[in-house]
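Here is the structure we will look at.
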Amino acid sequence: MTKAPSKTGVVDASTLDPNFKYEVAGRPGGEHIARCFACASCTLSCPVSEKTPAYSPRKFVHMILLGMKEEVLSSDLILHCLNCYRCQVHCPQDVQFTRVMEVLRDMAVEQGYAPPELLPALEKIDADMIDERRKKIEALVSKLGKPVPHK
């Protein structure tokens with residue numbers, strides 16, 4: 001699914017799709033994409049960015065606004081979002097980046113950049129992750145003793 005980035009880092013303007021941002025903005029979840037003013041609050045709050053430096057919500061938004069459709073939709077990095085919503089909580093412009101990532105995943109499948117079985121597989125990974133976290137918390141509570149209930 002992923003393509004190697006340009007060795008020079010230069011974007012070939014002839015490959016840009018000026019309608020890509022409108023395509024994203026026209027879908028539920030992508031409506032606020034153009035509000036971004038690149039403050040980087042999303043990237044600074046993202047736990048994936050912390051562990052995977054190539055993953056940058058701000059960079060994705062910039063690429064969408066530039067029209068880098070093929071680079072965005074063919075990147076396996078669009079699968080890395082944890083849906084933790086930290087980016088949305090910290091975004092002063094209410095871009096709703098987690099929802100944008102959902103839009104990008106859907107578009108990647110619909111437009112043939114990713115196989116159709118991708119989305120159900122991601123849902124399974126998310127469910128497995130929740131189960132694994134619950135089991136680890138239960139084991140920790142069992143080891144440390146019952147926590148004090150919240151008031």
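Every chain in the structure tokens has a letter given in the order shown (A, B, ...), and although residue numbers restart at 1 in each chain, ligands are simply numbered from 1 in the order shown.
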Practice problem: Please provide as a PyMOL selection string all residues within 10 Å of range 93-102 of chain A, with the sequence filter that same-chain residues fewer than 3 positions apart are discarded (counting only C-alpha atoms). | Solution: chain A and resi 24-25+27-39+42+57-58+60-61+77-90+105-108+119
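The spacing separating CA of Ser49 in chain A from CA of Val103 in chain A amounts to 19.4 Å.
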Exercise. Check chain A with DSSP on the backbone and list each residue it calls alpha helix (DSSP H), as JSON, numbers by chain.
Key: {"A": [20, 21, 22, 23, 24, 25, 41, 42, 43, 44, 45, 47, 48, 49, 50, 51, 57, 58, 59, 60, 61, 62, 63, 64, 65, 66, 69, 70, 71, 72, 73, 86, 87, 88, 89, 90, 97, 98, 99, 100, 101, 102, 103, 104, 105, 106, 107, 108, 109, 110, 118, 119, 120, 121, 122, 123, 124, 125, 126, 127, 128, 129, 130, 131, 132, 133, 134, 135, 136, 137, 138, 139, 140, 141, 142, 143, 144]}
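If only C-alpha atoms are the atoms counted, then among A:Pro47, A:Pro120, A:Gly26, A:Gly67 the closest residue to Asp12 in chain A is A:Gly67.
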Self-check item: CA of Lys69 in chain A to CA of Pro115 in chain A, straight-line distance in Å
Solution: 17.0 Å
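Take CA of Ala13 in chain A and CA of Thr52 in chain A: the distance between them is 27.6 Å.
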Contacts between range 14-20 of chain A and range 38-112 of chain A, please, where a residue of range 38-112 of chain A counts if it comes within 9 Å (with only C-alpha atoms); show its shortest atom pair and distance in Å to one decimal, rows by chain and ascending number, as JSON lines.
```
{"residue": "A:Ile64", "atom": "CA", "partner": "A:Phe20", "partner_atom": "CA", "distance": 6.5}
{"residue": "A:Leu65", "atom": "CA", "partner": "A:Phe20", "partner_atom": "CA", "distance": 7.4}
{"residue": "A:Leu66", "atom": "CA", "partner": "A:Pro18", "partner_atom": "CA", "distance": 7.0}
{"residue": "A:Gly67", "atom": "CA", "partner": "A:Asp17", "partner_atom": "CA", "distance": 4.5}
{"residue": "A:Met68", "atom": "CA", "partner": "A:Leu16", "partner_atom": "CA", "distance": 5.3}
{"residue": "A:Lys69", "atom": "CA", "partner": "A:Phe20", "partner_atom": "CA", "distance": 6.1}
{"residue": "A:Glu70", "atom": "CA", "partner": "A:Thr15", "partner_atom": "CA", "distance": 8.4}
```
Pull C-alpha atoms from the residues just selected and write them as an mmCIF file, in the first residue's frame.
```cif
data_model
loop_
_atom_site.group_PDB
_atom_site.id
_atom_site.type_symbol
_atom_site.label_atom_id
_atom_site.label_comp_id
_atom_site.auth_asym_id
_atom_site.auth_seq_id
_atom_site.Cartn_x
_atom_site.Cartn_y
_atom_site.Cartn_z
ATOM 1 C CA ILE A 64 -4.573 16.775 1.825
ATOM 2 C CA LEU A 65 -4.780 20.549 1.398
ATOM 3 C CA LEU A 66 -2.014 20.447 -1.225
ATOM 4 C CA GLY A 67 -3.838 17.727 -3.175
ATOM 5 C CA MET A 68 -1.377 14.878 -2.623
ATOM 6 C CA LYS A 69 -4.129 12.307 -3.042
ATOM 7 C CA GLU A 70 -2.079 9.348 -4.260
#
```
